[in-house]
>>> print(open('model.cif').read())   # mmCIF, C-alpha atoms
data_structure
#
loop_
_atom_site.group_PDB
_atom_site.id
_atom_site.type_symbol
_atom_site.label_atom_id
_atom_site.label_comp_id
_atom_site.auth_asym_id
_atom_site.auth_seq_id
_atom_site.Cartn_x
_atom_site.Cartn_y
_atom_site.Cartn_z
ATOM 1 C CA MET A 1 0.000 0.000 0.000
ATOM 2 C CA ALA A 2 1.542 3.292 -1.133
ATOM 3 C CA SER A 3 2.032 5.974 1.495
ATOM 4 C CA PHE A 4 0.947 9.433 0.335
ATOM 5 C CA LEU A 5 2.050 12.782 1.721
ATOM 6 C CA GLU A 6 -0.357 15.515 2.781
ATOM 7 C CA PHE A 7 -0.003 17.501 -0.461
ATOM 8 C CA GLU A 8 -0.594 14.305 -2.494
ATOM 9 C CA LYS A 9 -4.191 13.838 -1.290
ATOM 10 C CA PRO A 10 -5.776 14.466 -4.742
ATOM 11 C CA ILE A 11 -3.447 11.837 -6.227
ATOM 12 C CA ALA A 12 -4.275 9.433 -3.384
ATOM 13 C CA GLU A 13 -8.007 9.865 -4.011
ATOM 14 C CA LEU A 14 -7.606 9.102 -7.715
ATOM 15 C CA GLN A 15 -5.430 6.094 -6.982
ATOM 16 C CA GLY A 16 -8.021 4.856 -4.494
ATOM 17 C CA ARG A 17 -10.739 5.013 -7.163
ATOM 18 C CA ILE A 18 -8.485 3.119 -9.576
ATOM 19 C CA ASP A 19 -7.843 0.404 -6.992
ATOM 20 C CA GLU A 20 -11.574 0.077 -6.314
ATOM 21 C CA LEU A 21 -12.317 -0.281 -10.032
ATOM 22 C CA ARG A 22 -9.624 -2.925 -10.398
ATOM 23 C CA GLU A 23 -11.161 -4.922 -7.550
ATOM 24 C CA THR A 24 -14.573 -4.608 -9.198
ATOM 25 C CA ALA A 25 -13.166 -5.790 -12.535
ATOM 26 C CA ALA A 26 -11.304 -8.708 -10.964
ATOM 27 C CA ASP A 27 -14.328 -11.013 -11.143
ATOM 28 C CA GLY A 28 -14.600 -10.406 -14.902
ATOM 29 C CA ALA A 29 -18.243 -9.392 -14.764
ATOM 30 C CA VAL A 30 -17.632 -5.862 -16.023
ATOM 31 C CA ASP A 31 -15.056 -4.572 -18.508
ATOM 32 C CA ILE A 32 -13.888 -1.196 -17.215
ATOM 33 C CA ASP A 33 -10.360 -1.165 -18.617
ATOM 34 C CA ALA A 34 -11.017 2.041 -20.553
ATOM 35 C CA GLU A 35 -12.186 3.864 -17.409
ATOM 36 C CA ILE A 36 -9.183 2.609 -15.430
ATOM 37 C CA ALA A 37 -6.816 3.755 -18.206
ATOM 38 C CA ARG A 38 -8.474 7.195 -18.263
ATOM 39 C CA LEU A 39 -8.171 7.611 -14.508
ATOM 40 C CA GLN A 40 -4.584 6.339 -14.518
ATOM 41 C CA ALA A 41 -3.620 8.865 -17.192
ATOM 42 C CA LYS A 42 -5.276 11.601 -15.116
ATOM 43 C CA SER A 43 -3.414 10.426 -11.996
ATOM 44 C CA ASP A 44 -0.066 10.350 -13.821
ATOM 45 C CA LYS A 45 -0.591 13.870 -15.170
ATOM 46 C CA LEU A 46 -1.548 15.158 -11.728
ATOM 47 C CA LEU A 47 1.569 13.513 -10.267
ATOM 48 C CA ARG A 48 3.788 15.132 -12.925
ATOM 49 C CA ASP A 49 2.201 18.553 -12.446
ATOM 50 C CA THR A 50 2.429 18.337 -8.647
ATOM 51 C CA PHE A 51 6.102 17.322 -8.554
ATOM 52 C CA ALA A 52 7.060 19.887 -11.190
ATOM 53 C CA LYS A 53 6.266 22.728 -8.771
ATOM 54 C CA LEU A 54 7.044 21.468 -5.277
ATOM 55 C CA SER A 55 7.753 24.106 -2.642
ATOM 56 C CA PRO A 56 10.886 23.775 -0.462
ATOM 57 C CA TRP A 57 8.728 22.519 2.421
ATOM 58 C CA GLN A 58 7.072 19.910 0.201
ATOM 59 C CA LYS A 59 10.509 18.768 -0.965
ATOM 60 C CA THR A 60 11.482 18.438 2.690
ATOM 61 C CA GLN A 61 8.505 16.123 3.203
ATOM 62 C CA VAL A 62 9.519 14.040 0.173
ATOM 63 C CA ALA A 63 13.120 13.858 1.441
ATOM 64 C CA ARG A 64 11.816 12.508 4.757
ATOM 65 C CA HIS A 65 9.450 9.950 3.217
ATOM 66 C CA PRO A 66 9.831 6.732 5.259
ATOM 67 C CA GLU A 67 9.855 4.586 2.109
ATOM 68 C CA ARG A 68 12.811 6.334 0.476
ATOM 69 C CA PRO A 69 15.840 4.048 0.046
ATOM 70 C CA HIS A 70 18.184 3.972 3.044
ATOM 71 C CA PHE A 71 21.898 3.233 3.320
ATOM 72 C CA LYS A 72 21.390 -0.533 3.437
ATOM 73 C CA ASP A 73 19.309 -0.354 0.249
ATOM 74 C CA TYR A 74 22.111 1.516 -1.528
ATOM 75 C CA VAL A 75 24.633 -1.011 -0.262
ATOM 76 C CA ALA A 76 22.506 -3.846 -1.664
ATOM 77 C CA GLY A 77 21.923 -2.060 -4.972
ATOM 78 C CA LEU A 78 25.320 -0.489 -5.644
ATOM 79 C CA PHE A 79 28.061 -2.340 -3.795
ATOM 80 C CA ASP A 80 29.386 -5.880 -3.882
ATOM 81 C CA GLU A 81 31.332 -7.602 -1.114
ATOM 82 C CA PHE A 82 30.429 -4.984 1.474
ATOM 83 C CA LEU A 83 32.459 -5.616 4.626
ATOM 84 C CA PRO A 84 31.181 -3.468 7.522
ATOM 85 C CA LEU A 85 33.733 -2.199 10.031
ATOM 86 C CA ALA A 86 32.530 -1.435 13.548
ATOM 87 C CA GLY A 87 33.586 0.741 16.454
ATOM 88 C CA ASP A 88 35.543 3.911 17.055
ATOM 89 C CA ARG A 89 38.223 2.157 19.186
ATOM 90 C CA ALA A 90 37.382 4.509 22.053
ATOM 91 C CA PHE A 91 33.793 4.153 23.265
ATOM 92 C CA GLY A 92 31.579 1.895 21.161
ATOM 93 C CA ASP A 93 29.857 1.271 17.858
ATOM 94 C CA ASP A 94 27.236 3.742 16.643
ATOM 95 C CA GLN A 95 24.590 2.116 14.433
ATOM 96 C CA ALA A 96 23.448 5.474 12.993
ATOM 97 C CA ILE A 97 26.622 5.644 10.885
ATOM 98 C CA ILE A 98 27.668 2.529 8.996
ATOM 99 C CA GLY A 99 30.772 2.045 6.866
ATOM 100 C CA GLY A 100 33.090 -0.508 5.403
ATOM 101 C CA PHE A 101 35.044 -1.779 2.428
ATOM 102 C CA ALA A 102 33.116 -2.598 -0.748
ATOM 103 C CA THR A 103 33.447 -3.101 -4.482
ATOM 104 C CA PHE A 104 31.722 -0.541 -6.678
ATOM 105 C CA ARG A 105 31.539 -1.399 -10.367
ATOM 106 C CA GLY A 106 34.859 -3.194 -10.327
ATOM 107 C CA ARG A 107 36.805 -0.789 -8.102
ATOM 108 C CA ARG A 108 37.505 -1.137 -4.387
ATOM 109 C CA VAL A 109 36.056 1.723 -2.326
ATOM 110 C CA LEU A 110 35.178 2.668 1.218
ATOM 111 C CA ALA A 111 31.458 3.388 1.688
ATOM 112 C CA ILE A 112 30.089 5.315 4.680
ATOM 113 C CA GLY A 113 26.572 6.554 5.329
ATOM 114 C CA HIS A 114 23.746 7.348 7.697
ATOM 115 C CA GLU A 115 21.192 4.600 8.286
ATOM 116 C CA LYS A 116 17.765 5.721 9.519
ATOM 117 C CA GLY A 117 16.118 2.307 9.692
ATOM 118 C CA ALA A 118 13.049 0.998 7.881
ATOM 119 C CA ASP A 119 10.647 0.104 10.713
ATOM 120 C CA THR A 120 10.102 1.054 14.350
ATOM 121 C CA ALA A 121 12.594 -1.434 15.781
ATOM 122 C CA SER A 122 15.357 -0.635 13.288
ATOM 123 C CA ARG A 123 14.791 3.116 13.574
ATOM 124 C CA ILE A 124 15.318 2.913 17.309
ATOM 125 C CA ARG A 125 18.395 0.716 16.816
ATOM 126 C CA HIS A 126 19.871 3.168 14.298
ATOM 127 C CA ASN A 127 18.755 6.213 16.338
ATOM 128 C CA PHE A 128 16.831 7.551 13.317
ATOM 129 C CA GLY A 129 20.131 8.222 11.527
ATOM 130 C CA MET A 130 21.303 10.751 14.110
ATOM 131 C CA GLY A 131 24.986 10.050 14.680
ATOM 132 C CA LYS A 132 26.658 10.178 18.079
ATOM 133 C CA PRO A 133 30.331 11.098 18.696
ATOM 134 C CA GLU A 134 31.402 7.466 18.418
ATOM 135 C CA GLY A 135 29.750 7.336 14.986
ATOM 136 C CA TYR A 136 31.729 10.294 13.692
ATOM 137 C CA ARG A 137 34.920 8.951 15.285
ATOM 138 C CA LYS A 138 34.256 5.665 13.494
ATOM 139 C CA ALA A 139 33.931 7.660 10.256
ATOM 140 C CA ILE A 140 37.279 9.349 10.972
ATOM 141 C CA ARG A 141 38.922 5.959 11.516
ATOM 142 C CA LEU A 142 37.508 4.613 8.244
ATOM 143 C CA VAL A 143 38.424 7.705 6.201
ATOM 144 C CA GLU A 144 42.007 7.510 7.472
ATOM 145 C CA LEU A 145 42.049 3.789 6.684
ATOM 146 C CA ALA A 146 40.866 4.451 3.125
ATOM 147 C CA ASP A 147 43.540 7.130 2.754
ATOM 148 C CA ARG A 148 46.225 4.707 3.932
ATOM 149 C CA PHE A 149 45.192 2.084 1.366
ATOM 150 C CA ALA A 150 44.458 4.572 -1.471
ATOM 151 C CA LEU A 151 40.750 3.692 -1.690
ATOM 152 C CA PRO A 152 38.202 6.204 -3.037
ATOM 153 C CA ILE A 153 35.542 7.176 -0.492
ATOM 154 C CA VAL A 154 31.798 7.271 -1.195
ATOM 155 C CA THR A 155 29.540 8.790 1.464
ATOM 156 C CA LEU A 156 25.737 8.703 1.522
ATOM 157 C CA VAL A 157 24.188 11.417 3.670
ATOM 158 C CA ASP A 158 20.692 11.105 5.125
ATOM 159 C CA THR A 159 20.245 12.595 8.580
ATOM 160 C CA SER A 160 18.127 15.240 10.253
ATOM 161 C CA GLY A 161 21.280 16.136 12.180
ATOM 162 C CA ALA A 162 23.706 14.764 14.728
ATOM 163 C CA PHE A 163 22.166 13.394 17.932
ATOM 164 C CA PRO A 164 21.495 16.376 20.280
ATOM 165 C CA GLY A 165 21.271 14.431 23.555
ATOM 166 C CA ILE A 166 23.234 15.300 26.663
ATOM 167 C CA GLN A 167 25.225 12.031 26.434
ATOM 168 C CA ALA A 168 26.513 13.075 23.014
ATOM 169 C CA GLU A 169 27.555 16.479 24.329
ATOM 170 C CA GLU A 170 29.335 14.847 27.261
ATOM 171 C CA ARG A 171 31.323 12.676 24.828
ATOM 172 C CA GLY A 172 32.372 15.613 22.648
ATOM 173 C CA GLN A 173 29.854 15.797 19.805
ATOM 174 C CA ALA A 174 31.089 19.086 18.334
ATOM 175 C CA GLU A 175 34.731 18.000 18.391
ATOM 176 C CA ALA A 176 33.893 14.656 16.747
ATOM 177 C CA ILE A 177 31.920 16.362 13.956
ATOM 178 C CA ALA A 178 34.692 18.905 13.363
ATOM 179 C CA ARG A 179 37.359 16.205 13.175
ATOM 180 C CA SER A 180 35.236 14.090 10.833
ATOM 181 C CA THR A 181 34.874 17.084 8.517
ATOM 182 C CA GLU A 182 38.641 17.658 8.785
ATOM 183 C CA ALA A 183 39.372 14.011 7.945
ATOM 184 C CA CYS A 184 37.279 14.229 4.765
ATOM 185 C CA LEU A 185 38.980 17.489 3.736
ATOM 186 C CA ASN A 186 42.463 16.060 4.376
ATOM 187 C CA ALA A 187 41.994 12.736 2.591
ATOM 188 C CA GLY A 188 44.431 12.151 -0.263
ATOM 189 C CA VAL A 189 41.894 10.037 -2.158
ATOM 190 C CA PRO A 190 38.759 10.985 -4.132
ATOM 191 C CA VAL A 191 35.784 11.709 -1.874
ATOM 192 C CA VAL A 192 32.323 11.652 -3.499
ATOM 193 C CA ALA A 193 29.410 12.596 -1.224
ATOM 194 C CA ALA A 194 25.732 12.171 -2.063
ATOM 195 C CA ILE A 195 22.832 13.811 -0.224
ATOM 196 C CA VAL A 196 20.174 11.130 -0.681
ATOM 197 C CA GLY A 197 17.485 12.370 1.719
ATOM 198 C CA GLU A 198 17.978 14.927 4.460
ATOM 199 C CA GLY A 199 21.291 16.699 4.839
ATOM 200 C CA GLY A 200 20.922 18.248 8.263
ATOM 201 C CA SER A 201 23.464 20.575 9.876
ATOM 202 C CA GLY A 202 26.995 19.562 10.896
ATOM 203 C CA GLY A 203 25.856 15.957 11.148
ATOM 204 C CA ALA A 204 25.627 16.000 7.353
ATOM 205 C CA VAL A 205 28.678 18.133 6.568
ATOM 206 C CA ALA A 206 30.855 15.757 8.612
ATOM 207 C CA LEU A 207 30.402 13.179 5.836
ATOM 208 C CA ALA A 208 29.796 15.558 2.922
ATOM 209 C CA ALA A 209 33.095 17.471 2.646
ATOM 210 C CA GLY A 210 33.945 15.845 -0.677
ATOM 211 C CA ASN A 211 35.525 16.683 -4.006
ATOM 212 C CA ARG A 212 32.117 16.143 -5.569
ATOM 213 C CA VAL A 213 28.830 16.663 -3.747
ATOM 214 C CA LEU A 214 25.849 15.057 -5.463
ATOM 215 C CA MET A 215 22.248 15.574 -4.419
ATOM 216 C CA PHE A 216 18.989 13.924 -5.315
ATOM 217 C CA GLU A 217 16.422 16.132 -7.018
ATOM 218 C CA HIS A 218 14.034 16.090 -4.043
ATOM 219 C CA ALA A 219 16.607 15.896 -1.224
ATOM 220 C CA VAL A 220 17.257 18.845 1.120
ATOM 221 C CA TYR A 221 20.476 20.184 2.650
ATOM 222 C CA SER A 222 20.599 22.901 5.293
ATOM 223 C CA VAL A 223 22.351 24.260 8.361
ATOM 224 C CA ILE A 224 19.332 23.449 10.548
ATOM 225 C CA SER A 225 15.947 21.794 10.074
ATOM 226 C CA PRO A 226 13.116 24.099 8.931
ATOM 227 C CA GLU A 227 11.319 23.447 12.237
ATOM 228 C CA GLY A 228 14.449 24.346 14.224
ATOM 229 C CA CYS A 229 14.979 27.512 12.224
ATOM 230 C CA ALA A 230 11.338 28.558 12.653
ATOM 231 C CA SER A 231 11.526 27.915 16.409
ATOM 232 C CA ILE A 232 14.518 30.243 16.668
ATOM 233 C CA LEU A 233 13.287 33.024 14.375
ATOM 234 C CA TRP A 234 9.547 33.025 15.108
ATOM 235 C CA ARG A 235 9.333 31.018 18.350
ATOM 236 C CA THR A 236 7.082 28.462 16.664
ATOM 237 C CA ALA A 237 7.694 25.416 14.482
ATOM 238 C CA ASP A 238 4.416 26.153 12.682
ATOM 239 C CA ARG A 239 6.317 28.413 10.283
ATOM 240 C CA ALA A 240 8.612 25.648 9.066
ATOM 241 C CA ALA A 241 7.428 26.192 5.490
ATOM 242 C CA ASP A 242 8.537 29.855 5.639
ATOM 243 C CA ALA A 243 11.896 28.773 7.065
ATOM 244 C CA ALA A 244 12.440 26.185 4.329
ATOM 245 C CA GLU A 245 11.755 28.859 1.715
ATOM 246 C CA ALA A 246 14.114 31.366 3.327
ATOM 247 C CA MET A 247 16.974 28.895 3.842
ATOM 248 C CA ARG A 248 16.950 27.718 0.209
ATOM 249 C CA VAL A 249 17.272 24.070 1.140
ATOM 250 C CA THR A 250 16.521 22.509 -2.253
ATOM 251 C CA ALA A 251 18.988 20.928 -4.662
ATOM 252 C CA GLN A 252 18.103 23.504 -7.308
ATOM 253 C CA ASP A 253 18.888 26.434 -5.004
ATOM 254 C CA LEU A 254 22.088 24.855 -3.685
ATOM 255 C CA LYS A 255 23.338 24.110 -7.201
ATOM 256 C CA SER A 256 22.871 27.771 -8.150
ATOM 257 C CA LEU A 257 24.798 28.799 -5.012
ATOM 258 C CA GLY A 258 27.693 26.440 -5.764
ATOM 259 C CA ILE A 259 27.154 24.356 -2.610
ATOM 260 C CA ILE A 260 26.600 21.131 -4.545
ATOM 261 C CA ASP A 261 27.964 20.010 -7.902
ATOM 262 C CA THR A 262 25.369 17.731 -9.486
ATOM 263 C CA ILE A 263 21.626 17.143 -9.193
ATOM 264 C CA VAL A 264 20.604 13.506 -9.644
ATOM 265 C CA ALA A 265 17.147 13.116 -11.202
ATOM 266 C CA GLU A 266 14.627 11.027 -9.281
ATOM 267 C CA PRO A 267 11.867 8.838 -10.714
ATOM 268 C CA LEU A 268 8.530 10.621 -11.136
ATOM 269 C CA GLY A 269 7.026 11.118 -7.686
ATOM 270 C CA GLY A 270 10.283 10.639 -5.773
ATOM 271 C CA ALA A 271 12.863 7.938 -5.113
ATOM 272 C CA HIS A 272 10.451 5.998 -2.882
ATOM 273 C CA ARG A 273 8.173 5.233 -5.840
ATOM 274 C CA ALA A 274 10.894 3.464 -7.850
ATOM 275 C CA PRO A 275 13.838 2.750 -5.511
ATOM 276 C CA ALA A 276 15.752 0.548 -7.959
ATOM 277 C CA ALA A 277 15.692 3.240 -10.656
ATOM 278 C CA ALA A 278 16.770 5.912 -8.164
ATOM 279 C CA ILE A 279 19.639 3.773 -6.850
ATOM 280 C CA SER A 280 20.813 3.006 -10.399
ATOM 281 C CA ALA A 281 20.759 6.700 -11.372
ATOM 282 C CA LEU A 282 22.807 7.604 -8.308
ATOM 283 C CA GLY A 283 25.275 4.818 -9.097
ATOM 284 C CA ASP A 284 25.812 6.161 -12.612
ATOM 285 C CA THR A 285 26.498 9.661 -11.266
ATOM 286 C CA ILE A 286 28.898 8.389 -8.586
ATOM 287 C CA ASP A 287 30.705 6.326 -11.227
ATOM 288 C CA GLY A 288 31.148 9.381 -13.433
ATOM 289 C CA ALA A 289 32.464 11.472 -10.539
ATOM 290 C CA LEU A 290 35.010 8.819 -9.523
ATOM 291 C CA LYS A 291 36.246 8.544 -13.117
ATOM 292 C CA ASP A 292 36.712 12.330 -13.307
ATOM 293 C CA LEU A 293 38.714 12.364 -10.068
ATOM 294 C CA ALA A 294 40.825 9.253 -10.729
ATOM 295 C CA PRO A 295 43.688 11.029 -12.585
ATOM 296 C CA LEU A 296 44.260 13.591 -9.787
ATOM 297 C CA SER A 297 47.138 13.218 -7.316
ATOM 298 C CA ALA A 298 46.649 13.317 -3.552
ATOM 299 C CA GLN A 299 47.833 16.922 -3.404
ATOM 300 C CA GLU A 300 45.557 17.942 -6.294
ATOM 301 C CA LEU A 301 42.573 16.309 -4.611
ATOM 302 C CA ARG A 302 43.229 18.134 -1.321
ATOM 303 C CA SER A 303 43.819 21.438 -3.104
ATOM 304 C CA GLU A 304 40.664 21.143 -5.186
ATOM 305 C CA ARG A 305 38.603 20.276 -2.113
ATOM 306 C CA ARG A 306 40.056 23.185 -0.159
ATOM 307 C CA THR A 307 39.364 25.649 -2.985
ATOM 308 C CA LYS A 308 35.845 24.316 -3.432
ATOM 309 C CA PHE A 309 34.827 24.894 0.186
ATOM 310 C CA LEU A 310 36.702 28.158 0.755
ATOM 311 C CA LYS A 311 34.937 29.878 -2.123
ATOM 312 C CA MET A 312 31.445 29.042 -0.803
ATOM 313 C CA GLY A 313 29.576 32.149 0.268
ATOM 314 C CA ARG A 314 31.905 34.534 -1.537
ATOM 315 C CA LEU A 315 30.500 36.977 -4.058
#
>>> encode(input="model.cif", output="structure tokens")
Amino acid sequence: MASFLEFEKPIAELQGRIDELRETAADGAVDIDAEIARLQAKSDKLLRDTFAKLSPWQKTQVARHPERPHFKDYVAGLFDEFLPLAGDRAFGDDQAIIGGFATFRGRRVLAIGHEKGADTASRIRHNFGMGKPEGYRKAIRLVELADRFALPIVTLVDTSGAFPGIQAEERGQAEAIARSTEACLNAGVPVVAAIVGEGGSGGAVALAAGNRVLMFEHAVYSVISPEGCASILWRTADRAADAAEAMRVTAQDLKSLGIIDTIVAEPLGGAHRAPAAAISALGDTIDGALKDLAPLSAQELRSERRTKFLKMGRL
């Protein structure tokens, strides 16, 4: 059963009518194929028209859709021989950030990403993709390991932000995020980052400081969640839509600002409607980015990365 967002209610109603007609026609007593085809064409057109003019807040809702592919889906669809590596060698193993060695289209890589979980139990286990200090310290360890063995790094970002709990602050959350960002910037190997859902705050940047930053068409990337921004500016989360508009969180806005490099097209209606197609499209874009970066030396990769991030925000 498809899960529809609030702004998709007209599409949901049409799809419900189509499903009812199909059930009616299942017994073969009535031939209503023509009516079903007409309604399906109307539904498809409404879906195209709706997704052609999504607001930043609506894109945020799409980016958060629970049925969007998660890190484990990308691992299954893009990587072979994935070997997860656990622990930060200091405190423990954070299940919100997963990483390990893998083979990507014939080349050995290191893959790291946020895992939100797919059901209630797994979401709790993975802390809804909100990394703790030990998660970012694990990422640092893996990035340095990839650098030592000259392996390209692929990161998949999907988090509302780093875990804000008091335990995380006690264990040095800010320092861990800063050092994770530093590790990505200092790596002497190609780093390709992809924003596949939410890219929230420093929790996202810690894995997204790459030579190439890719972003799905309906993903979002911002310094704070729209609700958090609205709570600060207007003392109410009810103005999250205004905050999303003001912060320019969409891939299209961020591409124009030079924050990201490439927008990856999603299947009509979002990645959750055709996960395999979305994963394949992302794989093709990652492959192209890695090929472009392959000829560069370690020093050239660091220099390019440094230049890329230092020029952000400059007129």
>>> residues_around(input="model.cif", residues="A:Phe82", least_positions_apart="2", cutoff="6 Å", atoms="only C-alpha atoms", output="PyMOL selection string")
chain A and resi 80+101-102
>>> write_last_selection(input="model.cif", atoms="C-alpha atoms", output="short mmCIF file (atom, residue, chain, number, x, y, z; two decimals), keeping the file's coordinate frame")
data_model
loop_
_atom_site.label_atom_id
_atom_site.label_comp_id
_atom_site.auth_asym_id
_atom_site.auth_seq_id
_atom_site.Cartn_x
_atom_site.Cartn_y
_atom_site.Cartn_z
CA ASP A 80 29.39 -5.88 -3.88
CA PHE A 101 35.04 -1.78 2.43
CA ALA A 102 33.12 -2.60 -0.75
#
>>> closest_atom_pairs(input="model.cif", of="stretch 52-105 of chain A", to="stretch 115-137 of chain A", cutoff="10 Å", atoms="only C-alpha atoms", output="CSV")
residue,atom,partner,partner_atom,distance
A:Pro66,CA,A:Ala118,CA,7.1
A:Glu67,CA,A:Ala118,CA,7.5
A:Arg68,CA,A:Ala118,CA,9.1
A:Pro69,CA,A:Ala118,CA,8.9
A:His70,CA,A:Glu115,CA,6.1
A:Phe71,CA,A:Glu115,CA,5.2
A:Lys72,CA,A:Glu115,CA,7.1
A:Asp73,CA,A:Glu115,CA,9.6
A:Ala86,CA,A:Gly135,CA,9.3
A:Gly87,CA,A:Glu134,CA,7.3
A:Asp88,CA,A:Arg137,CA,5.4
A:Arg89,CA,A:Arg137,CA,8.5
A:Ala90,CA,A:Glu134,CA,7.6
A:Phe91,CA,A:Glu134,CA,6.3
A:Gly92,CA,A:Glu134,CA,6.2
A:Asp93,CA,A:Glu134,CA,6.4
A:Asp94,CA,A:Gly135,CA,4.7
A:Gln95,CA,A:His126,CA,4.8
A:Ala96,CA,A:His126,CA,4.5
A:Ile97,CA,A:Gly135,CA,5.4
A:Ile98,CA,A:Glu115,CA,6.8
A:Gly99,CA,A:Gly135,CA,9.7
>>> closest_residue(input="model.cif", among="A:Leu257, A:Leu151, A:Ala240, A:Ala209", to="A:Glu304", atoms="all atoms listed in the file")
A:Ala209
>>> resolve_selection(input="model.cif", expression="the PyMOL selection byres ((chain A and resi 189) around 10)", output="PyMOL selection string")
chain A and resi 143-144+146-153+184-188+190-192+210-211+293-294+296-302
>>> closest_residue(input="model.cif", among="A:Leu78, A:Leu310, A:Ala178, A:Ala243", to="A:Gly283", atoms="only C-alpha atoms")
A:Leu78
>>> axis_aligned_box(input="model.cif", around="stretch 148-159 of chain A", padding_each_side="5 Å", output="lines of an AutoDock Vina configuration file")
center_x = 33.2
center_y = 7.3
center_z = 2.8
size_x = 36.0
size_y = 20.5
size_z = 21.6
>>> build_atoms(input="model.cif", residues="stretch 90-105 of chain A", atoms="N, CA and C atoms", output="CSV table (one decimal), in the coordinates of the input")
chain,number,residue,atom,x,y,z
A,90,ALA,N,37.3,3.6,20.9
A,90,ALA,CA,37.4,4.5,22.1
A,90,ALA,C,36.2,4.3,23.0
A,91,PHE,N,35.0,4.2,22.4
A,91,PHE,CA,33.8,4.2,23.3
A,91,PHE,C,32.9,3.0,22.9
A,92,GLY,N,32.5,2.9,21.6
A,92,GLY,CA,31.6,1.9,21.2
A,92,GLY,C,31.3,2.0,19.7
A,93,ASP,N,30.2,1.3,19.3
A,93,ASP,CA,29.9,1.3,17.9
A,93,ASP,C,28.5,1.9,17.7
A,94,ASP,N,28.5,3.0,16.9
A,94,ASP,CA,27.2,3.7,16.6
A,94,ASP,C,26.6,3.2,15.4
A,95,GLN,N,25.3,2.7,15.6
A,95,GLN,CA,24.6,2.1,14.4
A,95,GLN,C,23.9,3.1,13.5
A,96,ALA,N,24.0,4.4,13.9
A,96,ALA,CA,23.4,5.5,13.0
A,96,ALA,C,24.4,5.7,11.8
A,97,ILE,N,25.6,5.5,12.0
A,97,ILE,CA,26.6,5.6,10.9
A,97,ILE,C,27.3,4.3,10.6
A,98,ILE,N,27.1,3.8,9.4
A,98,ILE,CA,27.7,2.5,9.0
A,98,ILE,C,28.7,2.7,7.9
A,99,GLY,N,29.8,1.9,7.9
A,99,GLY,CA,30.8,2.0,6.9
A,99,GLY,C,31.6,0.8,6.7
A,100,GLY,N,32.2,0.7,5.6
A,100,GLY,CA,33.1,-0.5,5.4
A,100,GLY,C,33.6,-0.6,4.0
A,101,PHE,N,34.5,-1.6,3.8
A,101,PHE,CA,35.0,-1.8,2.4
A,101,PHE,C,34.0,-2.4,1.5
A,102,ALA,N,34.1,-2.1,0.2
A,102,ALA,CA,33.1,-2.6,-0.7
A,102,ALA,C,33.7,-2.5,-2.1
A,103,THR,N,33.1,-3.2,-3.1
A,103,THR,CA,33.4,-3.1,-4.5
A,103,THR,C,32.3,-2.4,-5.2
A,104,PHE,N,32.7,-1.3,-5.9
A,104,PHE,CA,31.7,-0.5,-6.7
A,104,PHE,C,32.1,-0.6,-8.2
A,105,ARG,N,31.3,-1.3,-8.9
A,105,ARG,CA,31.5,-1.4,-10.4
A,105,ARG,C,33.0,-1.7,-10.7
